[in-house]
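Have a look at the structure below, then the notes.
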Amino acid sequence: MLQTPLTAALSALAPAIPHPEGVSNDEFRAAMSRLAAGVVLVTAHDTDHGPRGEDVGMTATAFLSVSLDPPLVLVSLRNGSRMDDLLAEQPLWAVSVLSESQRHIAGRFAMKGRISDRLLFDDIPYSRGEASGAPLVGGALATLECRTEQRVEAGDHTLAIGRVLTARLPSTEGGPLTYFRGKYRQLG
C-alpha cells in the first residue's frame, strides 16, 4: 500500500484498524481530503431555548444540490451534534455559502468544545431569514432557507434533505471559501 506523509503520520499515532471491507478510517479520511469542497455555515433558530430562543450554527463541507424541480439541497450532520438534534425537532434551517474572506467564521463554528453558539454570533453581521428565522451571514456569496423534507440515517451521520424556500445572492464580491487536504483555501 502506498503511504502518503499524512497516512504515515496518522499510522504512527494509532494503528490503522480496517473495517470488514478493508479500508481504515485513516485511509478513508486521507482519500476524501483530496476532494475540494465548498464551505457553508448551516444555521437554525432554537425557539425552545429561553424566552428569545437561541441561534445555532455549524460549519459544513458536505453540502450539495440534489434537485432543481423541486429545489432540494442536502447537508450531512454528525449524529448527536447540536444541529442534528435541533433539526430532528424542528424543520427550518438556513445555509450561508461562505466567501474566501470568511475563513474566521468557518473556523469559529467548526471548533470542538467551543463556547455557546450565542457568543459565536455576537460579532458576525447577519440578518434573520424571513422563512426560517435562522441567521443569514452578511457578505456570504449566497444564502438559502430550507425546510427539511427527509432525514436519512447514514453511518455516523444523518443526511438532511431540505426544500429550498428562498435563495438570495447578497454578495458578488470575492471567491468561495474551499476546504482541501484538511485546510481552508482560496481558489486561484
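Lettering and numbering for the C-alpha cells are positional, with chains as A, B, ... in the shown order, residues counted from 1 in each chain, and ligands counted from 1 in the shown order.
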*Skip A:Ala36 itself and residues of its chain fewer than 6 positions away, then list as a list in words all residues within 8 Å of it, counting only C-alpha atoms.*
Thr178, Tyr179, Phe180 and Arg181 of chain A
*Got a sec to tell me which of stretch 34-147 of chain A DSSP assigns to strand (DSSP E), as a ChimeraX atom specification?*
/A:37-38,40-46,54-60,63-67,72-78,92-97,126-128,135-137,142-147
Go ahead and dump the residues you just picked, C-alpha atoms, as an mmCIF file, in the first residue's frame.
```cif
data_model
loop_
_atom_site.group_PDB
_atom_site.id
_atom_site.type_symbol
_atom_site.label_atom_id
_atom_site.label_comp_id
_atom_site.auth_asym_id
_atom_site.auth_seq_id
_atom_site.Cartn_x
_atom_site.Cartn_y
_atom_site.Cartn_z
ATOM 1 C CA ALA A 37 -15.380 21.181 -1.123
ATOM 2 C CA GLY A 38 -17.172 24.470 -0.665
ATOM 3 C CA VAL A 40 -21.020 26.759 4.281
ATOM 4 C CA LEU A 41 -22.441 27.813 7.611
ATOM 5 C CA VAL A 42 -25.646 25.941 8.451
ATOM 6 C CA THR A 43 -27.825 27.842 10.934
ATOM 7 C CA ALA A 44 -31.123 27.368 12.731
ATOM 8 C CA HIS A 45 -33.067 29.150 15.455
ATOM 9 C CA ASP A 46 -33.949 27.110 18.538
ATOM 10 C CA GLU A 54 -31.029 30.759 20.611
ATOM 11 C CA ASP A 55 -29.230 30.672 17.287
ATOM 12 C CA VAL A 56 -27.239 27.542 16.437
ATOM 13 C CA GLY A 57 -24.521 27.285 13.770
ATOM 14 C CA MET A 58 -22.350 24.586 12.231
ATOM 15 C CA THR A 59 -19.634 24.682 9.565
ATOM 16 C CA ALA A 60 -20.187 22.103 6.831
ATOM 17 C CA PHE A 63 -23.446 20.289 1.310
ATOM 18 C CA LEU A 64 -24.816 19.866 -2.218
ATOM 19 C CA SER A 65 -27.641 20.465 -4.636
ATOM 20 C CA VAL A 66 -29.943 17.460 -5.008
ATOM 21 C CA SER A 67 -32.740 18.558 -7.339
ATOM 22 C CA LEU A 72 -33.640 20.423 -2.887
ATOM 23 C CA VAL A 73 -30.290 20.506 -1.092
ATOM 24 C CA LEU A 74 -28.558 18.062 1.244
ATOM 25 C CA VAL A 75 -26.349 18.605 4.278
ATOM 26 C CA SER A 76 -24.597 15.903 6.291
ATOM 27 C CA LEU A 77 -24.941 16.223 10.084
ATOM 28 C CA ARG A 78 -22.866 14.288 12.623
ATOM 29 C CA LEU A 92 -36.429 25.124 9.373
ATOM 30 C CA TRP A 93 -32.777 25.983 8.739
ATOM 31 C CA ALA A 94 -30.557 28.141 6.544
ATOM 32 C CA VAL A 95 -27.254 27.967 4.708
ATOM 33 C CA SER A 96 -24.770 30.777 4.042
ATOM 34 C CA VAL A 97 -22.202 29.988 1.323
ATOM 35 C CA TYR A 126 -26.202 38.722 9.905
ATOM 36 C CA SER A 127 -29.861 39.185 9.122
ATOM 37 C CA ARG A 128 -32.665 36.882 10.158
ATOM 38 C CA PRO A 135 -29.247 33.774 10.831
ATOM 39 C CA LEU A 136 -28.068 34.566 7.275
ATOM 40 C CA VAL A 137 -24.424 35.688 7.319
ATOM 41 C CA ALA A 142 -25.360 33.034 -1.380
ATOM 42 C CA THR A 143 -27.966 32.281 1.264
ATOM 43 C CA LEU A 144 -30.687 29.650 1.214
ATOM 44 C CA GLU A 145 -33.521 28.992 3.628
ATOM 45 C CA CYS A 146 -34.752 25.423 3.805
ATOM 46 C CA ARG A 147 -37.388 23.137 5.293
#
```
